[in-house]
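Shown next, in structure tokens, is the structure this report addresses.
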Amino acid sequence: MRAARLISLLLLLQARETMTAAELARELEVSERTVYRDVLALSAAGVPVYADRGRAGGYRLLGGYRTRLTGLTRDEAEALFLAGLPGPAGDMGLADAVAAAELKVLAALPPSLRDAPARAGQRFHLDVPGWFRASTPPPWLAELARAVWRDLVVELRYRRGEREVARTVEPYGLVLKSGVWYLVGRVGDGWRTYRVDRVVGVEVGEAMFARDGGFDLRAYWREQAEAFLRGMLRAEVTVRLSPAGLRALRHVAEAPFAYQEAVAGAGEPDGQGWVVTRLPVESVPVAYDVLLRLGPEVEVLDPPELRARFAEAARRSAALYRDPPAPPATGSAVTGAARRLTGPRSAVAGAAADFPGPGQR
């Protein structure tokens with residue numbers, strides 16, 4: 001454990017040049033006293049680490065000192081090559097850079113770990129695009145990736161409905177979601193999200209923008225994605241669920257937070273374990289399609305029009321099972337019946353086709 005921490009401390013100093021004891025303690029999740037002991041241990045082992053005193057001081061390595069990657073474990077080495085799986089990097093025009101980086105890392109590894117890239121490649125494959133989607137990257141993705149890496153302002157032209165719109169954008173990051181690429185950027189004082197496959201033109205200028213150091217791409221995306229889904233779930237239905245229905249609701253609810261809110265708002269179980277709760281939904285027609293999958297494990301209480309639709313469906317189902325079964329249908333009839341059973345498609349289920357919506361201006 002201590003050996004791994006010493007290697008981490010050494011690599012941190014290589015990467016950041018100067019760090020205070022407090023900064024190292026935060027990164028390594030240890031006390032400052034432990035950092036002092038670890039620095040002494042590295043110095044005793046011949047590592048040229050020394051302390052600069054004063055306001056801008058801290059620990060640093062003697063200029064030019066580097067260490068080879070001899071401290072990597074097998075799991076760490078394989079995870080390193082797993083992170084460089086082809087696909088997204090190639091889409092952004094970085095396939096050659098990733099290959100070159102892997103060769104350099106491979107050359108720095110000890111012989112016992114030289115099989116790490118082969119083991120990772122044989123065991124894991126990342127297939128990003130969703131089913132029934134083309135795997136061809138958007139035409140302007142590589143240009144946008146270059147601008148993102150270099151903090152260059154871009155002139156963006158994209159399709160918005162039937163018209164074309166132009167914006168000056170500071171491109172902060174790219175996000176790959178369900179096979180669809182999105183650009184997150186700043187326009188004026190606000191943040192915007194654009195689908196890259198709707199971009200029809202990009203002009204990368206030479207002007208650089210000052211990146212906001214407090215911007216967190218991961219947190220921004222998480223908040224925007226949830227806000228987008230919440231904005232689509234504009235209705236609510238009141239339902240009564242059996243214990244089995246409440247468990248199955250997790251798998252049919254349109255968004256994870258919809259299920260969580262339904263569970264949190266559920267009343268006390270009755271004598272048979274049934275509970276009453278409210279479920280956020282996109283619309284009444286979509287709620288019918290979603291809740292019908294729960295069969296007799298759900299009773300719709302409100303709104304009245306949805307309850308009436310379920311009552312009619314129950315009557316029709318009961319009529320089908322009142323008499324002995326009809327002769328088996330032919331293959332074509334079965335296929336036609338399967339098509340007729342397909343209900344309205346939820347826009348939330350296909351949200352990747354429309355996101356980011358309101359943020360794209």
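Chain lettering (A, B, ...) mirrors the order of the structure tokens, residue numbering begins at 1 for each chain separately, and ligand numbering begins at 1 in order of display.
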**Message:** Please extract the residues of segment 36-126 of chain A with a backbone DSSP assignment of strand (DSSP E or B) and present them as a list in words.
**Reply:**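 Answer for segment 36-126 of chain A, restricted to strand (DSSP E or B): Val49, Tyr50, Ala51, Asp52, Gly58, Tyr59, Arg60 and Leu61 of chain A.
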**Item:** Neighbour list for Ala210 of chain A as a PyMOL selection string, cut-off 10 Å, only C-alpha atoms, skip fewer than 3 positions in-chain
**Value:** chain A and resi 151-153+170+213
Create the file for the chosen residues now, containing C-alpha atoms and written as a PDB file, in the first residue's frame.
ATOM      1  CA  ASP A 151      -9.549  26.497 -26.829  1.00  0.00           C
ATOM      2  CA  LEU A 152     -10.255  28.160 -30.186  1.00  0.00           C
ATOM      3  CA  VAL A 153     -13.410  30.177 -30.894  1.00  0.00           C
ATOM      4  CA  GLU A 170     -16.492  28.912 -27.296  1.00  0.00           C
ATOM      5  CA  GLY A 213     -11.636  26.961 -14.622  1.00  0.00           C
TER       6      GLY A 213
END
**Complete:** Gly273 of chain A proximity check over A:His251, A:Ala22, A:Pro285, A:Pro243, using only C-alpha atoms: winner is A:Pro243
**Item:** Residue contacts of segment 307-317 of chain A (12 Å, only C-alpha atoms) excluding same-chain residues fewer than 6 positions away, as a ChimeraX atom specification
**Value:** /A:237-240,284-285,287-296,298-301,323
**Asked** From the list A:Tyr172, A:Tyr59, A:Phe228, A:Tyr259, which residue is nearest Phe215 of chain A when using only C-alpha atoms?
**Response**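 Looking at the shortest contact to Phe215 of chain A, the residue is A:Tyr172.
The shortest atom-to-atom distance to Gly201 of chain A, with only C-alpha atoms taken into account, belongs to A:Leu141 out of A:Ala253, A:Leu141, A:Leu113, A:Met19.
Interatomic distance, atom CA of Ala15 of chain A against atom CA of Ala145 of chain A: 23.7 Å.
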**Residue contacts of Arg60 of chain A (6 Å, only C-alpha atoms) excluding same-chain residues fewer than 5 positions away, as a PyMOL selection string** = chain A and resi 17-18+49-50
Export N, CA and C atoms of the chosen residues as an mmCIF file, in the first residue's frame?
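The resulting again-v1.cif:
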data_model
loop_
_atom_site.group_PDB
_atom_site.id
_atom_site.type_symbol
_atom_site.label_atom_id
_atom_site.label_comp_id
_atom_site.auth_asym_id
_atom_site.auth_seq_id
_atom_site.Cartn_x
_atom_site.Cartn_y
_atom_site.Cartn_z
ATOM 1 N N GLU A 17 4.949 19.462 -11.298
ATOM 2 C CA GLU A 17 6.195 20.173 -10.994
ATOM 3 C C GLU A 17 6.324 20.577 -9.533
ATOM 4 N N THR A 18 5.417 21.404 -9.010
ATOM 5 C CA THR A 18 5.501 21.840 -7.617
ATOM 6 C C THR A 18 4.151 21.651 -6.938
ATOM 7 N N VAL A 49 14.107 14.720 -4.672
ATOM 8 C CA VAL A 49 12.977 15.559 -4.329
ATOM 9 C C VAL A 49 13.419 16.518 -3.232
ATOM 10 N N TYR A 50 13.054 17.786 -3.378
ATOM 11 C CA TYR A 50 13.436 18.756 -2.366
ATOM 12 C C TYR A 50 12.320 19.773 -2.183
#
**Asked** To one decimal place, how far is atom CA of Val184 of chain A from atom CA of Thr136 of chain A in Å?
**Response**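 Atom-to-atom, atom CA of Val184 of chain A and atom CA of Thr136 of chain A are spaced 20.6 Å apart.
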**Prompt:** So which bits of segment 2-238 of chain A end up alpha helix (DSSP H) when you DSSP the backbone, as number ranges by chain?
**Reply:** A: 2-16, 21-28, 32-44, 74-82, 88-91, 95-108, 116-123, 141-150, 217-232
Please produce a file of the residues just selected, as a CSV table (one decimal), in the first residue's frame, where the atoms kept are C-alpha atoms.
chain,number,residue,atom,x,y,z
A,2,ARG,CA,2.7,2.4,0.9
A,3,ALA,CA,4.8,1.5,-2.2
A,4,ALA,CA,1.8,2.4,-4.4
A,5,ARG,CA,1.3,5.7,-2.6
A,6,LEU,CA,5.0,6.6,-3.0
A,7,ILE,CA,4.7,6.0,-6.8
A,8,SER,CA,1.6,8.1,-6.9
A,9,LEU,CA,3.4,10.9,-5.0
A,10,LEU,CA,6.3,10.7,-7.5
A,11,LEU,CA,4.1,10.8,-10.5
A,12,LEU,CA,2.1,13.7,-9.1
A,13,LEU,CA,5.3,15.7,-8.8
A,14,GLN,CA,6.4,14.8,-12.3
A,15,ALA,CA,3.0,15.9,-13.7
A,16,ARG,CA,2.6,19.2,-11.7
A,21,ALA,CA,2.2,19.2,1.4
A,22,ALA,CA,-1.4,20.1,1.8
A,23,GLU,CA,-2.1,19.6,-1.9
A,24,LEU,CA,-0.3,16.2,-1.9
A,25,ALA,CA,-2.3,15.2,1.2
A,26,ARG,CA,-5.6,16.0,-0.5
A,27,GLU,CA,-4.6,14.1,-3.7
A,28,LEU,CA,-3.4,11.0,-1.8
A,32,GLU,CA,0.3,16.0,5.8
A,33,ARG,CA,2.5,14.2,8.4
A,34,THR,CA,2.3,11.1,6.2
A,35,VAL,CA,3.4,13.2,3.2
A,36,TYR,CA,6.4,14.4,5.1
A,37,ARG,CA,7.4,10.8,5.9
A,38,ASP,CA,6.8,9.7,2.3
A,39,VAL,CA,9.0,12.5,0.9
A,40,LEU,CA,11.8,11.5,3.3
A,41,ALA,CA,11.5,7.9,2.1
A,42,LEU,CA,11.7,8.9,-1.6
A,43,SER,CA,14.8,11.1,-0.8
A,44,ALA,CA,16.4,8.2,1.1
A,74,ARG,CA,-1.0,-5.7,-14.2
A,75,ASP,CA,-4.5,-4.4,-13.5
A,76,GLU,CA,-3.4,-0.8,-13.9
A,77,ALA,CA,-1.5,-1.5,-17.2
A,78,GLU,CA,-4.5,-3.3,-18.7
A,79,ALA,CA,-6.9,-0.5,-17.6
A,80,LEU,CA,-4.6,2.1,-19.2
A,81,PHE,CA,-4.9,0.4,-22.6
A,82,LEU,CA,-8.6,-0.3,-22.0
A,88,PRO,CA,-14.5,7.6,-30.1
A,89,ALA,CA,-10.9,8.7,-30.4
A,90,GLY,CA,-10.9,7.8,-34.1
A,91,ASP,CA,-14.1,9.7,-34.6
A,95,ALA,CA,-6.6,7.6,-33.9
A,96,ASP,CA,-2.9,8.2,-34.9
A,97,ALA,CA,-2.2,10.1,-31.6
A,98,VAL,CA,-3.7,7.3,-29.5
A,99,ALA,CA,-1.7,4.7,-31.4
A,100,ALA,CA,1.5,6.7,-30.9
A,101,ALA,CA,0.8,7.2,-27.2
A,102,GLU,CA,0.1,3.5,-26.7
A,103,LEU,CA,3.5,2.6,-28.4
A,104,LYS,CA,5.3,5.0,-26.0
A,105,VAL,CA,3.6,3.6,-22.9
A,106,LEU,CA,4.3,0.1,-24.2
A,107,ALA,CA,8.0,0.9,-24.6
A,108,ALA,CA,8.1,2.2,-21.0
A,116,ALA,CA,-1.4,-5.7,-21.6
A,117,PRO,CA,-2.7,-4.1,-24.8
A,118,ALA,CA,-3.4,-7.5,-26.4
A,119,ARG,CA,-5.2,-8.8,-23.3
A,120,ALA,CA,-7.4,-5.7,-23.1
A,121,GLY,CA,-8.2,-5.9,-26.9
A,122,GLN,CA,-9.1,-9.5,-26.7
A,123,ARG,CA,-11.4,-9.1,-23.8
A,141,LEU,CA,-16.6,16.3,-35.4
A,142,ALA,CA,-12.8,16.3,-36.0
A,143,GLU,CA,-12.7,20.1,-36.6
A,144,LEU,CA,-14.7,20.7,-33.4
A,145,ALA,CA,-12.5,18.3,-31.4
A,146,ARG,CA,-9.4,20.3,-32.6
A,147,ALA,CA,-11.0,23.5,-31.5
A,148,VAL,CA,-12.0,22.0,-28.1
A,149,TRP,CA,-8.4,20.8,-27.5
A,150,ARG,CA,-6.9,24.2,-28.4
A,217,LEU,CA,-18.3,19.2,-18.1
A,218,ARG,CA,-19.5,16.0,-16.4
A,219,ALA,CA,-21.6,17.9,-13.8
A,220,TYR,CA,-23.1,20.2,-16.5
A,221,TRP,CA,-24.0,17.3,-18.7
A,222,ARG,CA,-25.6,15.4,-15.8
A,223,GLU,CA,-27.8,18.4,-14.9
A,224,GLN,CA,-28.8,19.2,-18.5
A,225,ALA,CA,-29.7,15.6,-19.3
A,226,GLU,CA,-31.9,15.3,-16.2
A,227,ALA,CA,-33.5,18.7,-16.8
A,228,PHE,CA,-34.2,17.7,-20.4
A,229,LEU,CA,-36.0,14.6,-19.3
A,230,ARG,CA,-37.9,16.4,-16.5
A,231,GLY,CA,-39.0,18.9,-19.0
A,232,MET,CA,-40.5,16.2,-21.1
**Asked** A:Glu203, A:Asp197, A:Asp270, A:Asp302: which is nearest Thr168 of chain A, counting only C-alpha atoms?
**Response**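 Distance minimum relative to Thr168 of chain A lands on A:Glu203.
Computed from the coordinates, the atom CA of Arg195 of chain A to atom CA of Val175 of chain A distance equals 9.6 Å.
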